[in-house]
Amino acid sequence: MPRGPVRFPGRPIIEPVTDLDSRAAPPRTPLLRRAAPALLGYAAVRAVGLVVLAVWSAARGTSAYTLLTARWDSLWYTRVAELGYGYEVRLPNGDVHSNLAFFPLLPWLERLLHAITPLSYADAGFTVSLFASLAAAGGIFAVAERVYGARAGVCAVLLWAVLPVGIVQSMAYSESLFTALAAWSLYALLTGRWVSAGALAALAGLTRPVGAAVVAAVWVAGVLSFVRDRAAVRDRAAPGAHPPAWRRALGMVLAPLGAAGYVLWVGHRTGKGPLGYLDVQAGWRNGFDGGYAFARFVADKFTSFPSALAGAGLIVGVVLLLWLYVTGVRRRQPVELLVYTGVVLALALCASSYFGSKPRLLLPAFPLLLPLACALARLRTSRSALVTAGLAVASAAYGAFWLNGSGPP
């Protein structure tokens with residue numbers, strides 16, 4: 001793809017950011033106002049999903065609110081918020097499910113809201129996810145607008161909203177909170193706000209294990225910026241418009257503090273040292289095997305005809321994810337996004353965890369949607385609205401069916 005502006009027929013120029021420390025002049029309109037169409041569209045899609053879930057659940061005699069706030073991982077988070085760490089369940093097969101597997105930022109926020117409002121812990125978790133999902137939508141818009149323009153930014157947010165497992169964004173889970181922190185950390189990197197990027201990366205590291213992806217993005221971007229400084233000095237070239245070195249260094253120091261702090265605390269709590277958290281995850285049958293267990297899971301689907309269709313669908317899905325990532329590389333997405341997305345993909349696809357949770361684990365990988373967002377942005381407004389509306393209805397129906405069936409974990 002050429003480095004120059006990308007011109008869509010009948011559309012404004014979309015100028016990709018290809019330099020780590022690009023300093024495009026910010027638009028005069030405040031970011032919140034520019035993001036308003038994306039946020040309104042996102043809220044509308046999520047409202048459709050919640051209404052369909054409520055109707056579907058009522059028809060089945062179940063509570064939609066219970067599915068959103070008091071099932072699966074939501075219960076573990078509220079127990080941490082209410083009782084603290086130390087709770088575990090021992091299964092008949094010998095596995096130990098410890099609540100130390102759940103990172104603390106969401107339970108901390110649930111406890112805070114419960115303390116200052118009349119909300120229960122479950123209500124607090126739902127409230128945090130509600131506002132965090134809007135913050136995530138705003139962060140996705142900010143990143144996509146920075147790289148490809150405002151129209152692509154709106155489309156990226158809407159595509160994230162209509163993902164098949166988008167209903168998780170409205171659950172008392174940590175995906176929305178993590179995505180918000182990750183997106184704004186990446187935006188801070190793209191705009192040269194290194195201390196903010198590092199602080200947000202530290203908070204992301206307190207939210208989910210995949211916080212390592214945000215840390216990696218900060219560190220790779222920081223190392224490359226220092227390498228470029230050194231090359232400029234060696235070649236006696238004019239230095240780039242980089243922030244002071246101490247700001248970049250401070251951002252890099254801050255970034256891993258959240259994840260490292262919690263992992264080391266778990267190791268101390270369990271008495272097993274730095275690897276204690278891995279033992280906790282092993283009790284849940286979670287690990288990293290390079291994708292071997294997932295490959296066997298897919299291969300086993302081809303032992304009978306009906307399940308072979310599911311196996312073929314999984315292969316197509318993985319190929320699509322890899323194609324979207326390669327497309328981002330070919331279109332020269334900023335390296336921060338490529339590093340972040342690559343780590344999220346690797347951790348989701350190469351982990352030996354419960355395979356039904358992999359689509360949910362991929363929710364934070366929003367940069368994969370940018371090529372699709374650009375394609376949607378090329379369409380006329382009426383056509384893109386029609387496509388989005390159709391996807392929103394399909395996503396709402398699938399989310400209601402999914403939560404009333406097997407659902408997460």
# chains A, B, ... in the order shown; residues from 1 in each chain; ligands from 1
call {"tool": "residues_around", "arguments": {"residues": "segment 205-213 of chain A", "least_positions_apart": "3", "cutoff": "8 Å", "atoms": "only C-alpha atoms", "output": "PyMOL selection string"}}
result
chain A and resi 102-106+174+177-178+182+201-202+216-217+255-260+262+339-344+347
call {"tool": "residues_around", "arguments": {"residues": "Glu110 of chain A", "least_positions_apart": "6", "cutoff": "8 Å", "atoms": "only C-alpha atoms", "output": "list in words"}}
result
Thr78, Ala81, Tyr121, Ala122, Ala124, Gly125 and Val128 of chain A
call {"tool": "write_last_selection", "arguments": {"atoms": "all heavy atoms", "output": "compact mmCIF listing (two decimals), in the first residue's frame"}}
result
# COMPACT_ATOMS: atom_id res chain seq x y z
N THR A 78 -17.82 -10.60 41.72
CA THR A 78 -18.56 -10.04 42.85
C THR A 78 -18.13 -10.68 44.17
O THR A 78 -18.11 -10.02 45.21
CB THR A 78 -20.08 -10.21 42.66
OG1 THR A 78 -20.39 -11.60 42.45
CG2 THR A 78 -20.57 -9.39 41.49
N ALA A 81 -15.05 -8.89 45.15
CA ALA A 81 -15.40 -7.57 45.65
C ALA A 81 -15.96 -7.64 47.06
O ALA A 81 -15.66 -6.79 47.91
CB ALA A 81 -16.41 -6.91 44.71
N TYR A 121 -23.18 -5.35 44.76
CA TYR A 121 -21.94 -5.63 44.02
C TYR A 121 -22.24 -6.00 42.57
O TYR A 121 -21.53 -5.57 41.65
CB TYR A 121 -21.17 -6.77 44.70
CG TYR A 121 -20.61 -6.39 46.05
CD1 TYR A 121 -21.16 -6.88 47.22
CD2 TYR A 121 -19.53 -5.53 46.15
CE1 TYR A 121 -20.65 -6.54 48.47
CE2 TYR A 121 -19.00 -5.16 47.39
CZ TYR A 121 -19.57 -5.68 48.54
OH TYR A 121 -19.07 -5.32 49.76
N ALA A 122 -23.29 -6.78 42.34
CA ALA A 122 -23.65 -7.15 40.97
C ALA A 122 -24.09 -5.92 40.18
O ALA A 122 -23.71 -5.75 39.01
CB ALA A 122 -24.76 -8.20 40.99
N ALA A 124 -23.18 -2.91 40.73
CA ALA A 124 -21.98 -2.11 40.51
C ALA A 124 -21.17 -2.65 39.33
O ALA A 124 -20.66 -1.89 38.51
CB ALA A 124 -21.12 -2.08 41.77
N GLY A 125 -21.06 -3.98 39.24
CA GLY A 125 -20.34 -4.57 38.11
C GLY A 125 -20.99 -4.24 36.79
O GLY A 125 -20.31 -3.93 35.80
N VAL A 128 -20.27 -0.53 36.02
CA VAL A 128 -18.90 -0.34 35.54
C VAL A 128 -18.78 -0.76 34.08
O VAL A 128 -18.20 -0.05 33.26
CB VAL A 128 -17.90 -1.12 36.41
CG1 VAL A 128 -16.51 -1.14 35.77
CG2 VAL A 128 -17.83 -0.53 37.81
call {"tool": "residues_around", "arguments": {"residues": "Tyr354 of chain A", "least_positions_apart": "6", "cutoff": "12 Å", "atoms": "only C-alpha atoms", "output": "JSON, numbers by chain"}}
result
{"A": [281, 282, 284, 285, 286, 287, 288, 293, 294, 297, 348, 360, 361, 408, 409]}
call {"tool": "select_by_dssp", "arguments": {"residues": "segment 82-311 of chain A", "states": "alpha helix (DSSP H)", "output": "number ranges by chain"}}
result
A: 82-83, 105-116, 121-148, 150-161, 175-190, 194-205, 211-234, 245-254, 257-270, 276-283, 292-300, 305-311
call {"tool": "residues_around", "arguments": {"residues": "Val263 of chain A", "least_positions_apart": "5", "cutoff": "8 Å", "atoms": "only C-alpha atoms", "output": "number ranges by chain"}}
result
A: 274, 276-277
call {"tool": "closest_atom_pairs", "arguments": {"of": "segment 142-208 of chain A", "to": "segment 30-44 of chain A", "cutoff": "9 Å", "atoms": "only C-alpha atoms", "output": "CSV"}}
result
residue,atom,partner,partner_atom,distance
A:Ala142,CA,A:Ala35,CA,7.5
A:Ala150,CA,A:Arg34,CA,7.5
A:Gly153,CA,A:Ala38,CA,7.5
A:Val154,CA,A:Ala38,CA,4.6
A:Cys155,CA,A:Ala38,CA,7.6
A:Ala156,CA,A:Ala38,CA,8.6
A:Val157,CA,A:Ala38,CA,6.1
A:Leu158,CA,A:Tyr42,CA,5.8
A:Trp160,CA,A:Tyr42,CA,8.6
A:Ala161,CA,A:Tyr42,CA,6.0
A:Val162,CA,A:Tyr42,CA,8.7
call {"tool": "residues_around", "arguments": {"residues": "Gly290 of chain A", "least_positions_apart": "6", "cutoff": "12 Å", "atoms": "only C-alpha atoms", "output": "tab-separated table (two decimals) with C-alpha atoms, in the first residue's frame"}}
result
chain	number	residue	atom	x	y	z
A	296	ARG	CA	-6.46	-30.95	18.50
A	345	LEU	CA	-4.18	-13.00	19.02
A	346	ALA	CA	-1.33	-15.19	20.25
A	347	LEU	CA	-2.67	-15.36	23.81
A	348	ALA	CA	-6.20	-16.14	22.65
A	349	LEU	CA	-5.44	-18.70	19.94
A	350	CYS	CA	-2.43	-20.39	21.52
A	351	ALA	CA	-3.82	-20.87	25.03
A	352	SER	CA	-5.09	-24.25	26.20
A	353	SER	CA	-8.06	-22.72	28.01
call {"tool": "closest_residue", "arguments": {"among": "A:Met252, A:Ala115, A:Ser384, A:Thr270", "to": "Arg193 of chain A", "atoms": "only C-alpha atoms"}}
result
A:Met252
call {"tool": "residues_around", "arguments": {"residues": "Leu159 of chain A", "least_positions_apart": "5", "cutoff": "12 Å", "atoms": "only C-alpha atoms", "output": "ChimeraX atom specification"}}
result
/A:38,41-42,45-46,137,140-141,144,152-154,164-166,363,366-377,384-385,387-392,395
call {"tool": "closest_residue", "arguments": {"among": "A:Ala231, A:Val195, A:Ala299, A:Gly271", "to": "Leu254 of chain A", "atoms": "only C-alpha atoms"}}
result
A:Val195
call {"tool": "atom_distance", "arguments": {"atom1": "atom CA of Val393 of chain A", "atom2": "atom CA of Ser170 of chain A"}}
result
15.8 Å
call {"tool": "atom_distance", "arguments": {"atom1": "atom CA of Trp219 of chain A", "atom2": "atom CA of Leu337 of chain A"}}
result
12.3 Å
call {"tool": "closest_residue", "arguments": {"among": "A:Ile167, A:Arg28, A:Trp323, A:Gly291", "to": "Ala64 of chain A", "atoms": "only C-alpha atoms"}}
result
A:Ile167
call {"tool": "closest_residue", "arguments": {"among": "A:Gln169, A:Ser133, A:Ser176, A:Ser304", "to": "Gly49 of chain A", "atoms": "only C-alpha atoms"}}
result
A:Gln169
call {"tool": "residues_around", "arguments": {"residues": "Val335 of chain A", "least_positions_apart": "3", "cutoff": "12 Å", "atoms": "only C-alpha atoms", "output": "VMD selection string"}}
result
chain A and resid 17 to 22 147 186 189 to 190 216 to 225 328 to 332 338 to 342 367
call {"tool": "atom_distance", "arguments": {"atom1": "atom CA of Leu113 of chain A", "atom2": "atom CA of Phe131 of chain A"}}
result
12.6 Å
call {"tool": "closest_residue", "arguments": {"among": "A:Thr303, A:Ser63, A:Thr29, A:Gln333", "to": "Val143 of chain A", "atoms": "only C-alpha atoms"}}
result
A:Gln333
